[in-house]
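Remarks on the structure that follows.
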Amino acid sequence: MNIEIKIKNCLKEALESIYQLDLSNQSITLEPTKKEFEGTYTFVVFPFVKLTKQSPDGLAQTLGNSLVKNVEEIISFQVVKGFLNLSLSNRYFLTSLETFRHTENFGISTNEKVMVEFSSPNTNKPLHLGHLRNNFLGDSICRILEAYGYSVVRANLINDRGIHICKSMIAYERWGNNETPESSGLKGDHLVGKYYVWFDKEYKKEIDQLTQNGLSEEEAKKEAPIFKAAQQMLVRWEANDPETVQLWKKMNTWVYQGFNSTYKKIGVHFDHFYYESNTYLLGKDIVEEGLQTNTFYKKEDQSVWIDLTREGLDHKLLLRGDGTSVYITQDLGTAELKFKDFACSKSVYVVGNEQDYHFQVLQAILKKLNKSYADGVYHMSYGMVDLPSGKMKSREGTVVDADDLVQEMIDTAKARTLELGKVEDLSEEQASILFHQLGLGALKYYLLRVDPKKRMLFNPEESIDFQGNTGPFIQYTYARIASIIRKANTMGVDLNDSISITYSLQVEERQVIEELLKYPSKLAEAAGAYAPSSIAAYVYDVAKSYNRFYAECPVFQENKESQLFRLQLSAIVAKTIQRSMLLLGIEVPNKM
RNA sequence: GGUUCCGUAGCUCAGUUGGAUAGAGCAACUGCCUUCUAAGCAGUAGGUCUUUGGUUCGAAUCCAAACGGAAUCACCA
């Protein structure tokens, strides 16, 4: 049985039998003991002081005595100002560690399927820093859910149609001069993005011109010739005009080549792609369904709406008067399609928090329609990545490009490694793998350690750190252990021996074990809260506690029992670091 | 204006259902490489947890109000 539950049960029993209390409805909580005090678990007695009519310290004493008597794992307790701090035995830590070492699956057993939709790029421009946060979060949450026991479908809904796509197409048609990725040497997505920016530049010029001629800014935005040309192109695209479709296909192909190379570089992959060009007409049958059950209503102009005022939301348009669909219509259709395709019990959408309202509406509508999958819809809402200058805007070119940033990180990793003179015995290929691992590790960790919900600031002037609470710090800890293990192997030490349960632990050793044993609950927490950040915080703590141990406790030494234990402990730490970093999509090197 | 989210050290961030003296990293300063990798370890300094009220044994955390910031409230996606 779980030790925490055991202690809680025992506390409850003691309180009930000694003081004749009825605590059946009350839950006992146990907390980790603060670092400055001795002990592993702390029980706060204040809530029971009134009930038992005891003094805080007296109550703590009584309970402590009872625990020591009844729970064999507890060897002693200390009472500090009404806090009952419990110390556990060496034997407990060592047997738990042995169990931990042999456990492979820390999740739950379930056959539930989860779909995670993430990335979902527009095909008119390259990925930027904001997309990286999305991709890393999505990838990490997939890994966490898989480790926890779900089977996961990674989906990418590609935004490959709409007026914004036509903007790049118009600009290319006018000024492209048949430029191709090959002829320009540009990555496909960057080439297309160049024309997207070009469009906007011309568009702005036209707006300026028109406003000087006396039009209001709003009128000018609608009347600008180049904008009208884009609109007309969208109409031609929807009418399947061969020339337009051909251009669209050509440019999309370029973009996908670019995206694929970026995905490969950042180590992200997908099981299934949805394309908006295939799904944008979906959802109309759901509208029909809603009308028939009177969940939706029709206005005089034939537009279809739903009343969500009771849900605390507003009335929402679902179908225009002319019968064409809007964003929410498509999303309703796509939700249905996803469920038909994969029958997942949960459907996670990794989408920015600017769409919070949209997803509230989506879920509310699905619930009103009594869709079985409505409750499983979860919007994993994350904050924007802001620059010191404010929000990133692709159109204005004020973005941190994903490919550039990744390359910059790899270059920094290389420079840093050379500076430290650590590549002598690496082959060129090993070195380049290492720089990639370190650069990407620093970047992923940087973006994932922050609570997803919060918006975060990225300052391009200050490079991302490689010291302190960073990916490379944790990777370094792993590499150090790998080096120790290599030495042990050459000495012929067998690390698979069972751990001695009579070994007497030093403080640093015990603290490392305490950290390790938190892994299962941290995994559960991260899976439940969709929070890679809690894994990042956890693995940092593990690395820190190990580094403290590393500084204080020499591994190779005279005392063979101690040497073997420290080697075993190191190996388990390495495995846990590797496992945890993998949950973040970060690889760990054997040397650095 | 309505709704939602946010406000913690100079900077970037932790802080689980209310608990002890509010924690890390960066930047600054001081020690520690002839023994397993110093991308490390140990330490110093840095705080009115935006403000004010309330709830209680106890509040960064819960409630209310104010101030500041962001997003959203489109027949855009």
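Going through the structure tokens in order, the chains are called A, B, and so on, while each chain numbers its residues from 1 and the ligands are numbered from 1 in the order shown.
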**OP:** Up to 8 Å from chain B, what residues of chain A turn up? Count only C-alpha atoms (C1' of nucleotides) and give them as a PyMOL selection string.
**Re:** chain A and resi 44+46+81+83+162+317+320-321+326-327+353-357+450+454+457+465-469+472-473+476+479-480+483-484+537+547-548+551+554-556+592
Please list as a PDB file with N, CA and C atoms, in the first residue's frame every residue within 6 Å of segment 393-409 of chain A, counting only C-alpha atoms (C1' of nucleotides) and excluding residues in the same chain fewer than 5 positions away.
ATOM      1  N   LEU A 127       6.797  28.811 -39.927  1.00  0.00           N
ATOM      2  CA  LEU A 127       6.491  28.741 -38.502  1.00  0.00           C
ATOM      3  C   LEU A 127       7.330  29.761 -37.736  1.00  0.00           C
ATOM      4  N   HIS A 128       6.752  30.285 -36.670  1.00  0.00           N
ATOM      5  CA  HIS A 128       7.523  31.196 -35.829  1.00  0.00           C
ATOM      6  C   HIS A 128       7.535  30.714 -34.387  1.00  0.00           C
ATOM      7  N   LEU A 129       8.102  31.521 -33.529  1.00  0.00           N
ATOM      8  CA  LEU A 129       8.285  31.134 -32.131  1.00  0.00           C
ATOM      9  C   LEU A 129       6.988  30.687 -31.463  1.00  0.00           C
ATOM     10  N   VAL A 197       4.152  38.568 -47.098  1.00  0.00           N
ATOM     11  CA  VAL A 197       4.592  39.866 -46.597  1.00  0.00           C
ATOM     12  C   VAL A 197       4.517  40.917 -47.710  1.00  0.00           C
ATOM     13  N   GLY A 439      21.094  22.385 -28.330  1.00  0.00           N
ATOM     14  CA  GLY A 439      20.404  23.588 -28.778  1.00  0.00           C
ATOM     15  C   GLY A 439      18.905  23.431 -28.670  1.00  0.00           C
TER      16      GLY A 439
END
Original post:
Could you write out, as a ChimeraX atom specification, all the residues of segment 160-368 of chain A that DSSP marks as helix (DSSP H, G or I)?
Top reply: /A:163-175,181-184,188-212,217-223,225-238,242-266,276-279,284-292,309-311,327-342,353-368
**OP:** Taking the DSSP assignment computed from this structure's backbone, write out as an MDAnalysis selection string all residues of segment 150-212 of chain A that belong to strand (DSSP E).
**Re:** chainID A and resid 151:158
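Straight-line separation from atom CA of Val542 of chain A to atom CA of Ser521 of chain A: 14.0 Å.
Residue nearest Glu336 of chain A, chosen from A:Leu362, A:Met456, A:Met251, A:Leu15 and counting only C-alpha atoms: A:Leu362.
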